[in-house]
file protein15.pdb (PDB, C-alpha atoms, pLDDT in the B column)
ATOM      1  CA  MET A   1      65.182  82.823  47.896  1.00 50.00           C
ATOM      2  CA  HIS A   2      63.801  84.788  45.027  1.00 51.00           C
ATOM      3  CA  GLY A   3      61.097  83.162  42.932  1.00 51.00           C
ATOM      4  CA  SER A   4      60.358  80.404  45.441  1.00 48.00           C
ATOM      5  CA  THR A   5      56.652  79.597  45.826  1.00 50.00           C
ATOM      6  CA  THR A   6      56.956  77.427  48.947  1.00 48.00           C
ATOM      7  CA  ALA A   7      56.536  78.840  52.388  1.00 48.00           C
ATOM      8  CA  PRO A   8      59.429  78.545  54.851  1.00 49.00           C
ATOM      9  CA  GLY A   9      59.516  75.070  56.383  1.00 47.00           C
ATOM     10  CA  GLU A  10      57.034  73.624  53.865  1.00 47.00           C
ATOM     11  CA  GLY A  11      59.716  71.519  52.151  1.00 48.00           C
ATOM     12  CA  VAL A  12      60.746  70.031  55.493  1.00 45.00           C
ATOM     13  CA  ASP A  13      57.132  69.050  56.294  1.00 49.00           C
ATOM     14  CA  ALA A  14      56.719  67.458  52.856  1.00 48.00           C
ATOM     15  CA  THR A  15      59.914  65.471  53.353  1.00 49.00           C
ATOM     16  CA  ARG A  16      58.821  64.421  56.833  1.00 50.00           C
ATOM     17  CA  ARG A  17      55.422  63.295  55.474  1.00 51.00           C
ATOM     18  CA  ALA A  18      57.139  61.283  52.728  1.00 46.00           C
ATOM     19  CA  LEU A  19      59.437  59.662  55.292  1.00 44.00           C
ATOM     20  CA  LEU A  20      56.520  58.786  57.585  1.00 46.00           C
ATOM     21  CA  ARG A  21      54.530  57.423  54.637  1.00 48.00           C
ATOM     22  CA  ALA A  22      57.458  55.221  53.545  1.00 47.00           C
ATOM     23  CA  GLY A  23      57.987  54.103  57.144  1.00 49.00           C
ATOM     24  CA  LEU A  24      54.363  53.009  57.405  1.00 47.00           C
ATOM     25  CA  LEU A  25      53.996  51.468  53.953  1.00 49.00           C
ATOM     26  CA  GLY A  26      57.034  49.190  54.247  1.00 51.00           C
ATOM     27  CA  PRO A  27      55.849  47.213  57.276  1.00 52.00           C
ATOM     28  CA  LEU A  28      52.299  47.153  55.869  1.00 48.00           C
ATOM     29  CA  LEU A  29      53.584  45.646  52.623  1.00 53.00           C
ATOM     30  CA  LEU A  30      55.608  42.999  54.456  1.00 53.00           C
ATOM     31  CA  GLY A  31      52.741  42.307  56.856  1.00 55.00           C
ATOM     32  CA  GLY A  32      50.345  41.953  53.934  1.00 54.00           C
ATOM     33  CA  ALA A  33      52.818  39.660  52.207  1.00 51.00           C
ATOM     34  CA  GLY A  34      52.992  37.501  55.319  1.00 54.00           C
ATOM     35  CA  ILE A  35      49.203  37.338  55.564  1.00 53.00           C
ATOM     36  CA  ALA A  36      48.911  36.485  51.864  1.00 53.00           C
ATOM     37  CA  ALA A  37      51.542  33.793  52.286  1.00 50.00           C
ATOM     38  CA  GLY A  38      49.706  32.374  55.290  1.00 53.00           C
ATOM     39  CA  LEU A  39      46.332  32.386  53.542  1.00 48.00           C
ATOM     40  CA  SER A  40      47.781  30.719  50.472  1.00 50.00           C
ATOM     41  CA  GLY A  41      49.349  28.022  52.634  1.00 50.00           C
ATOM     42  CA  CYS A  42      52.874  28.791  51.491  1.00 49.00           C
ATOM     43  CA  THR A  43      54.207  29.177  55.017  1.00 47.00           C
ATOM     44  CA  ARG A  44      53.401  25.542  55.730  1.00 49.00           C
ATOM     45  CA  ARG A  45      56.023  23.198  54.318  1.00 46.00           C
ATOM     46  CA  VAL A  46      53.470  20.852  52.735  1.00 53.00           C
ATOM     47  CA  GLN A  47      55.428  20.524  49.513  1.00 62.00           C
ATOM     48  CA  VAL A  48      57.942  17.735  49.425  1.00 74.00           C
ATOM     49  CA  SER A  49      61.618  18.405  49.029  1.00 79.00           C
ATOM     50  CA  ALA A  50      63.073  18.401  45.541  1.00 76.00           C
ATOM     51  CA  LEU A  51      64.649  15.136  44.462  1.00 83.00           C
ATOM     52  CA  GLY A  52      68.003  14.684  46.175  1.00 87.00           C
ATOM     53  CA  PHE A  53      67.531  17.469  48.744  1.00 92.00           C
ATOM     54  CA  ARG A  54      66.457  17.568  52.379  1.00 93.00           C
ATOM     55  CA  MET A  55      65.103  21.105  52.572  1.00 94.00           C
ATOM     56  CA  LEU A  56      64.955  22.664  49.104  1.00 95.00           C
ATOM     57  CA  ARG A  57      61.736  22.297  47.142  1.00 94.00           C
ATOM     58  CA  ASP A  58      61.486  22.473  43.361  1.00 94.00           C
ATOM     59  CA  ALA A  59      60.534  26.183  43.523  1.00 94.00           C
ATOM     60  CA  ASP A  60      63.530  26.895  45.779  1.00 95.00           C
ATOM     61  CA  VAL A  61      65.858  25.222  43.261  1.00 95.00           C
ATOM     62  CA  VAL A  62      64.457  27.438  40.473  1.00 96.00           C
ATOM     63  CA  LEU A  63      64.921  30.508  42.703  1.00 97.00           C
ATOM     64  CA  LEU A  64      68.536  29.575  43.476  1.00 96.00           C
ATOM     65  CA  ARG A  65      69.304  28.903  39.795  1.00 95.00           C
ATOM     66  CA  ALA A  66      68.402  32.576  39.182  1.00 96.00           C
ATOM     67  CA  LEU A  67      69.982  33.901  42.376  1.00 96.00           C
ATOM     68  CA  ILE A  68      73.419  32.265  42.110  1.00 96.00           C
ATOM     69  CA  PRO A  69      74.459  33.963  38.805  1.00 95.00           C
ATOM     70  CA  GLY A  70      73.084  37.263  40.107  1.00 95.00           C
ATOM     71  CA  VAL A  71      75.245  37.079  43.229  1.00 96.00           C
ATOM     72  CA  LEU A  72      78.419  35.564  41.749  1.00 95.00           C
ATOM     73  CA  GLY A  73      78.397  37.074  38.258  1.00 92.00           C
ATOM     74  CA  PRO A  74      81.709  36.535  36.443  1.00 91.00           C
ATOM     75  CA  LEU A  75      83.055  34.230  39.178  1.00 92.00           C
ATOM     76  CA  LEU A  76      80.948  31.434  37.685  1.00 90.00           C
ATOM     77  CA  PRO A  77      82.463  29.320  34.930  1.00 87.00           C
ATOM     78  CA  PRO A  78      80.724  29.624  31.551  1.00 85.00           C
ATOM     79  CA  GLY A  79      77.989  27.080  30.760  1.00 81.00           C
ATOM     80  CA  GLY A  80      78.917  23.453  30.314  1.00 87.00           C
ATOM     81  CA  ALA A  81      79.771  20.446  32.441  1.00 91.00           C
ATOM     82  CA  GLU A  82      81.928  22.430  34.903  1.00 90.00           C
ATOM     83  CA  HIS A  83      79.162  25.035  35.325  1.00 90.00           C
ATOM     84  CA  ASP A  84      76.487  22.379  35.891  1.00 92.00           C
ATOM     85  CA  ALA A  85      78.651  20.452  38.367  1.00 93.00           C
ATOM     86  CA  LEU A  86      79.351  23.632  40.353  1.00 94.00           C
ATOM     87  CA  PHE A  87      75.641  24.524  40.442  1.00 93.00           C
ATOM     88  CA  HIS A  88      74.774  21.051  41.713  1.00 93.00           C
ATOM     89  CA  GLU A  89      77.519  21.191  44.356  1.00 95.00           C
ATOM     90  CA  MET A  90      76.380  24.630  45.508  1.00 96.00           C
ATOM     91  CA  MET A  91      72.737  23.531  45.714  1.00 95.00           C
ATOM     92  CA  GLU A  92      73.769  20.574  47.878  1.00 96.00           C
ATOM     93  CA  ARG A  93      75.813  22.851  50.144  1.00 95.00           C
ATOM     94  CA  ILE A  94      72.959  25.372  50.482  1.00 96.00           C
ATOM     95  CA  ASP A  95      70.499  22.567  51.217  1.00 96.00           C
ATOM     96  CA  TYR A  96      72.798  21.059  53.835  1.00 95.00           C
ATOM     97  CA  GLY A  97      73.530  24.500  55.322  1.00 94.00           C
ATOM     98  CA  ILE A  98      69.801  25.168  55.787  1.00 95.00           C
ATOM     99  CA  TYR A  99      69.315  21.685  57.225  1.00 95.00           C
ATOM    100  CA  ARG A 100      72.083  22.298  59.782  1.00 95.00           C
ATOM    101  CA  LEU A 101      70.654  25.625  60.996  1.00 94.00           C
ATOM    102  CA  ALA A 102      68.927  25.794  64.350  1.00 95.00           C
ATOM    103  CA  PRO A 103      65.139  25.554  63.922  1.00 93.00           C
ATOM    104  CA  PRO A 104      64.502  29.333  64.192  1.00 94.00           C
ATOM    105  CA  GLY A 105      67.149  30.124  61.556  1.00 93.00           C
ATOM    106  CA  ARG A 106      65.904  27.340  59.272  1.00 92.00           C
ATOM    107  CA  LYS A 107      62.350  28.674  59.609  1.00 92.00           C
ATOM    108  CA  GLU A 108      63.461  32.197  58.656  1.00 93.00           C
ATOM    109  CA  VAL A 109      65.322  31.045  55.546  1.00 94.00           C
ATOM    110  CA  LEU A 110      62.402  28.883  54.420  1.00 94.00           C
ATOM    111  CA  GLN A 111      59.936  31.743  55.015  1.00 94.00           C
ATOM    112  CA  LEU A 112      62.143  34.029  52.924  1.00 95.00           C
ATOM    113  CA  PHE A 113      62.144  31.439  50.133  1.00 96.00           C
ATOM    114  CA  ASP A 114      58.354  31.142  50.479  1.00 95.00           C
ATOM    115  CA  LEU A 115      57.936  34.918  50.083  1.00 94.00           C
ATOM    116  CA  LEU A 116      60.236  34.917  47.053  1.00 96.00           C
ATOM    117  CA  ASN A 117      58.360  32.007  45.477  1.00 95.00           C
ATOM    118  CA  LEU A 118      54.809  33.282  45.993  1.00 94.00           C
ATOM    119  CA  ARG A 119      53.884  35.198  42.827  1.00 92.00           C
ATOM    120  CA  LEU A 120      52.301  38.217  44.545  1.00 92.00           C
ATOM    121  CA  THR A 121      55.034  38.763  47.125  1.00 92.00           C
ATOM    122  CA  ARG A 122      57.834  37.980  44.664  1.00 93.00           C
ATOM    123  CA  TRP A 123      56.596  40.661  42.297  1.00 93.00           C
ATOM    124  CA  ALA A 124      55.902  43.188  45.077  1.00 92.00           C
ATOM    125  CA  LEU A 125      59.250  42.693  46.820  1.00 92.00           C
ATOM    126  CA  THR A 126      61.582  42.089  43.868  1.00 94.00           C
ATOM    127  CA  GLY A 127      59.828  43.210  40.684  1.00 93.00           C
ATOM    128  CA  VAL A 128      60.506  39.738  39.240  1.00 93.00           C
ATOM    129  CA  ARG A 129      57.559  37.982  37.598  1.00 93.00           C
ATOM    130  CA  SER A 130      59.251  34.609  37.128  1.00 94.00           C
ATOM    131  CA  TRP A 131      62.582  33.248  38.359  1.00 96.00           C
ATOM    132  CA  GLU A 132      62.863  31.132  35.204  1.00 94.00           C
ATOM    133  CA  HIS A 133      63.129  34.318  33.126  1.00 93.00           C
ATOM    134  CA  ALA A 134      65.049  36.534  35.566  1.00 94.00           C
ATOM    135  CA  GLY A 135      68.544  37.175  34.274  1.00 91.00           C
ATOM    136  CA  PRO A 136      71.529  38.123  36.438  1.00 94.00           C
ATOM    137  CA  ALA A 137      70.989  41.859  35.844  1.00 95.00           C
ATOM    138  CA  ARG A 138      67.401  41.679  37.140  1.00 95.00           C
ATOM    139  CA  VAL A 139      68.523  39.711  40.215  1.00 96.00           C
ATOM    140  CA  GLN A 140      71.370  42.154  40.881  1.00 96.00           C
ATOM    141  CA  SER A 141      68.912  45.047  40.618  1.00 96.00           C
ATOM    142  CA  PHE A 142      66.547  43.664  43.242  1.00 95.00           C
ATOM    143  CA  LEU A 143      69.452  42.677  45.515  1.00 96.00           C
ATOM    144  CA  GLU A 144      70.858  46.200  45.303  1.00 96.00           C
ATOM    145  CA  ARG A 145      67.435  47.657  46.186  1.00 95.00           C
ATOM    146  CA  TRP A 146      67.250  45.349  49.196  1.00 96.00           C
ATOM    147  CA  ARG A 147      70.829  46.165  50.239  1.00 96.00           C
ATOM    148  CA  THR A 148      70.214  49.922  50.193  1.00 96.00           C
ATOM    149  CA  SER A 149      66.631  49.807  51.480  1.00 94.00           C
ATOM    150  CA  SER A 150      65.694  51.749  54.593  1.00 93.00           C
ATOM    151  CA  MET A 151      63.792  48.646  55.747  1.00 92.00           C
ATOM    152  CA  SER A 152      65.925  46.421  57.962  1.00 92.00           C
ATOM    153  CA  THR A 153      63.875  43.356  56.983  1.00 91.00           C
ATOM    154  CA  LEU A 154      64.938  43.717  53.349  1.00 93.00           C
ATOM    155  CA  ASN A 155      68.550  44.397  54.402  1.00 93.00           C
ATOM    156  CA  GLY A 156      68.493  41.168  56.417  1.00 94.00           C
ATOM    157  CA  GLY A 157      66.989  39.275  53.481  1.00 94.00           C
ATOM    158  CA  TYR A 158      69.749  40.583  51.229  1.00 96.00           C
ATOM    159  CA  ARG A 159      72.469  39.539  53.672  1.00 96.00           C
ATOM    160  CA  GLY A 160      70.931  36.096  54.159  1.00 94.00           C
ATOM    161  CA  LEU A 161      70.617  35.363  50.440  1.00 96.00           C
ATOM    162  CA  VAL A 162      74.107  36.595  49.591  1.00 96.00           C
ATOM    163  CA  LYS A 163      75.701  34.727  52.515  1.00 95.00           C
ATOM    164  CA  LEU A 164      74.017  31.454  51.528  1.00 95.00           C
ATOM    165  CA  VAL A 165      75.345  31.713  47.982  1.00 96.00           C
ATOM    166  CA  ALA A 166      78.799  33.019  48.941  1.00 95.00           C
ATOM    167  CA  ALA A 167      79.333  30.349  51.600  1.00 95.00           C
ATOM    168  CA  ALA A 168      78.373  27.595  49.153  1.00 95.00           C
ATOM    169  CA  PHE A 169      80.665  29.009  46.458  1.00 95.00           C
ATOM    170  CA  PHE A 170      83.741  29.698  48.573  1.00 94.00           C
ATOM    171  CA  ALA A 171      83.523  26.220  50.117  1.00 91.00           C
ATOM    172  CA  SER A 172      84.023  24.748  46.624  1.00 91.00           C
ATOM    173  CA  ARG A 173      87.252  24.268  44.688  1.00 90.00           C
ATOM    174  CA  ALA A 174      86.031  26.852  42.152  1.00 90.00           C
ATOM    175  CA  GLY A 175      85.638  29.335  45.013  1.00 91.00           C
ATOM    176  CA  TRP A 176      89.106  28.517  46.283  1.00 89.00           C
ATOM    177  CA  ALA A 177      90.534  29.245  42.839  1.00 89.00           C
ATOM    178  CA  ALA A 178      88.597  32.529  42.605  1.00 88.00           C
ATOM    179  CA  ALA A 179      90.064  33.574  45.967  1.00 89.00           C
ATOM    180  CA  ASN A 180      93.596  32.423  44.995  1.00 88.00           C
ATOM    181  CA  TYR A 181      93.480  29.909  47.850  1.00 89.00           C
ATOM    182  CA  PRO A 182      95.479  26.759  47.078  1.00 86.00           C
ATOM    183  CA  GLY A 183      93.223  24.664  49.277  1.00 79.00           C
ATOM    184  CA  PRO A 184      93.801  22.964  52.598  1.00 77.00           C
ATOM    185  CA  PRO A 185      96.780  20.675  53.130  1.00 78.00           C
ATOM    186  CA  PRO A 186      95.806  17.335  51.584  1.00 77.00           C
ATOM    187  CA  GLY A 187      96.523  15.119  54.619  1.00 74.00           C
ATOM    188  CA  PRO A 188      94.313  16.877  57.187  1.00 73.00           C
ATOM    189  CA  TYR A 189      91.633  17.638  54.561  1.00 67.00           C
ATOM    190  CA  GLN A 190      91.321  13.978  53.585  1.00 73.00           C
ATOM    191  CA  ALA A 191      91.319  12.904  57.229  1.00 75.00           C
ATOM    192  CA  LEU A 192      88.468  15.268  58.062  1.00 72.00           C
ATOM    193  CA  ASN A 193      86.457  14.762  54.866  1.00 70.00           C
ATOM    194  CA  GLY A 194      87.239  11.154  54.007  1.00 66.00           C
TER
END
call {"tool": "encode", "arguments": {"input": "protein15.pdb", "output": "structure tokens"}}
result
Amino acid sequence: MHGSTTAPGEGVDATRRALLRAGLLGPLLLGGAGIAAGLSGCTRRVQVSALGFRMLRDADVVLLRALIPGVLGPLLPPGGAEHDALFHEMMERIDYGIYRLAPPGRKEVLQLFDLLNLRLTRWALTGVRSWEHAGPARVQSFLERWRTSSMSTLNGGYRGLVKLVAAAFFASRAGWAAANYPGPPPGPYQALNG
């Protein structure tokens, strides 16, 4: 290569160093986030559940109100009574889904919510300062970073968050309509859910 100022193999070593640095910084960041969460007391479920829920706290409800539009986008009905009713139904389904998890799975989901609700870890892991002011584009951006991250912990967090929201949505009549599913036969459905 004419005009190149790097020695042969130097680019490979620089890339290897960058890869090693990223491989070490990721777990250190998550470990530090876990320590910060533990020191702040956020890993202990001392806060009471939000009104009407078994597992979700007020901060979790705020998080989900930002997360749901970021995951579902145009599948959500525009604002209004139908929108509010769907949000409430989805929150109840997510709450019940977490409640029905085995204790290890429930603990993991709640720890993920704790990390996303603690100001320092939320900002470090998502770039979001406040869920109240995070629009769908901001949420989609952090979810995409987590989805394509080289860190399996973030990939797992992405999958968990998206599955919670998608399961709650596609279990609703609005989700059935979005999937062009006419719904279950009325007789068996009423027998099982009546």
call {"tool": "atom_distance", "arguments": {"input": "protein15.pdb", "atom1": "CA of Val71 (chain A)", "atom2": "CA of Asn193 (chain A)"}}
result
27.6 Å
call {"tool": "closest_atom_pairs", "arguments": {"input": "protein15.pdb", "of": "region 119-177 of chain A", "to": "region 82-94 of chain A", "cutoff": "8 Å", "atoms": "only C-alpha atoms", "output": "Markdown table"}}
result
| residue | atom | partner | partner_atom | distance |
| --- | --- | --- | --- | --- |
| A:Leu164 | CA | A:Ile94 | CA | 6.3 |
| A:Val165 | CA | A:Ile94 | CA | 7.2 |
| A:Ala168 | CA | A:Met90 | CA | 5.1 |
| A:Phe169 | CA | A:Met90 | CA | 6.2 |
| A:Ser172 | CA | A:Met90 | CA | 7.7 |
| A:Ala174 | CA | A:Leu86 | CA | 7.6 |
call {"tool": "axis_aligned_box", "arguments": {"input": "protein15.pdb", "around": "region 179-183 of chain A", "padding_each_side": "3 Å", "output": "JSON"}}
result
{"center_x": 92.8, "center_y": 29.1, "center_z": 47.1, "size_x": 11.4, "size_y": 14.9, "size_z": 10.3}
call {"tool": "residues_around", "arguments": {"input": "protein15.pdb", "residues": "region 151-162 of chain A", "least_positions_apart": "6", "cutoff": "8 Å", "atoms": "all atoms listed in the file", "output": "ChimeraX atom specification"}}
result
/A:26,71,109,112,143
call {"tool": "closest_residue", "arguments": {"input": "protein15.pdb", "among": "A:Leu75, A:Ser130, A:Arg106, A:Ser149", "to": "Trp176 (chain A)", "atoms": "all atoms listed in the file"}}
result
A:Leu75
call {"tool": "closest_residue", "arguments": {"input": "protein15.pdb", "among": "A:Pro78, A:Ser49, A:Thr126, A:Ala134", "to": "Leu64 (chain A)", "atoms": "only C-alpha atoms"}}
result
A:Ala134
call {"tool": "atom_distance", "arguments": {"input": "protein15.pdb", "atom1": "CA of Gly135 (chain A)", "atom2": "CA of Asp58 (chain A)"}}
result
18.7 Å
call {"tool": "closest_residue", "arguments": {"input": "protein15.pdb", "among": "A:Pro185, A:Gly105, A:Gly79, A:Gly127", "to": "Phe142 (chain A)", "atoms": "all atoms listed in the file"}}
result
A:Gly127
call {"tool": "atom_distance", "arguments": {"input": "protein15.pdb", "atom1": "CA of Ala166 (chain A)", "atom2": "CA of Thr121 (chain A)"}}
result
24.5 Å
call {"tool": "residues_near_point", "arguments": {"input": "protein15.pdb", "point": "(56.9, 33.5, 45.6)", "cutoff": "10 Å", "atoms": "only C-alpha atoms", "output": "list in words"}}
result
Ala33, Ala37, Cys42, Ala59, Asp60, Leu63, Leu112, Phe113, Asp114, Leu115, Leu116, Asn117, Leu118, Arg119, Leu120, Thr121, Arg122, Trp123, Ala124, Leu125, Thr126, Val128, Arg129, Ser130 and Trp131 of chain A
call {"tool": "write_last_selection", "arguments": {"input": "protein15.pdb", "atoms": "C-alpha atoms", "output": "PDB file, in the coordinates of the input"}}
result
ATOM      1  CA  ALA A  33      52.818  39.660  52.207  1.00 51.00           C
ATOM      2  CA  ALA A  37      51.542  33.793  52.286  1.00 50.00           C
ATOM      3  CA  CYS A  42      52.874  28.791  51.491  1.00 49.00           C
ATOM      4  CA  ALA A  59      60.534  26.183  43.523  1.00 94.00           C
ATOM      5  CA  ASP A  60      63.530  26.895  45.779  1.00 95.00           C
ATOM      6  CA  LEU A  63      64.921  30.508  42.703  1.00 97.00           C
ATOM      7  CA  LEU A 112      62.143  34.029  52.924  1.00 95.00           C
ATOM      8  CA  PHE A 113      62.144  31.439  50.133  1.00 96.00           C
ATOM      9  CA  ASP A 114      58.354  31.142  50.479  1.00 95.00           C
ATOM     10  CA  LEU A 115      57.936  34.918  50.083  1.00 94.00           C
ATOM     11  CA  LEU A 116      60.236  34.917  47.053  1.00 96.00           C
ATOM     12  CA  ASN A 117      58.360  32.007  45.477  1.00 95.00           C
ATOM     13  CA  LEU A 118      54.809  33.282  45.993  1.00 94.00           C
ATOM     14  CA  ARG A 119      53.884  35.198  42.827  1.00 92.00           C
ATOM     15  CA  LEU A 120      52.301  38.217  44.545  1.00 92.00           C
ATOM     16  CA  THR A 121      55.034  38.763  47.125  1.00 92.00           C
ATOM     17  CA  ARG A 122      57.834  37.980  44.664  1.00 93.00           C
ATOM     18  CA  TRP A 123      56.596  40.661  42.297  1.00 93.00           C
ATOM     19  CA  ALA A 124      55.902  43.188  45.077  1.00 92.00           C
ATOM     20  CA  LEU A 125      59.250  42.693  46.820  1.00 92.00           C
ATOM     21  CA  THR A 126      61.582  42.089  43.868  1.00 94.00           C
ATOM     22  CA  VAL A 128      60.506  39.738  39.240  1.00 93.00           C
ATOM     23  CA  ARG A 129      57.559  37.982  37.598  1.00 93.00           C
ATOM     24  CA  SER A 130      59.251  34.609  37.128  1.00 94.00           C
ATOM     25  CA  TRP A 131      62.582  33.248  38.359  1.00 96.00           C
TER      26      TRP A 131
END
call {"tool": "closest_residue", "arguments": {"input": "protein15.pdb", "among": "A:Ile98, A:Ala66, A:Val48, A:Val61", "to": "Ala137 (chain A)", "atoms": "all atoms listed in the file"}}
result
A:Ala66
call {"tool": "resolve_selection", "arguments": {"input": "protein15.pdb", "expression": "the PyMOL selection byres ((chain A and resi 55) around 9)", "output": "JSON, numbers by chain"}}
result
{"A": [48, 49, 50, 53, 54, 56, 57, 95, 96, 98, 99, 110]}
call {"tool": "closest_residue", "arguments": {"input": "protein15.pdb", "among": "A:Gly183, A:Gly97, A:Gly175, A:Pro188", "to": "Pro77 (chain A)", "atoms": "all atoms listed in the file"}}
result
A:Gly175
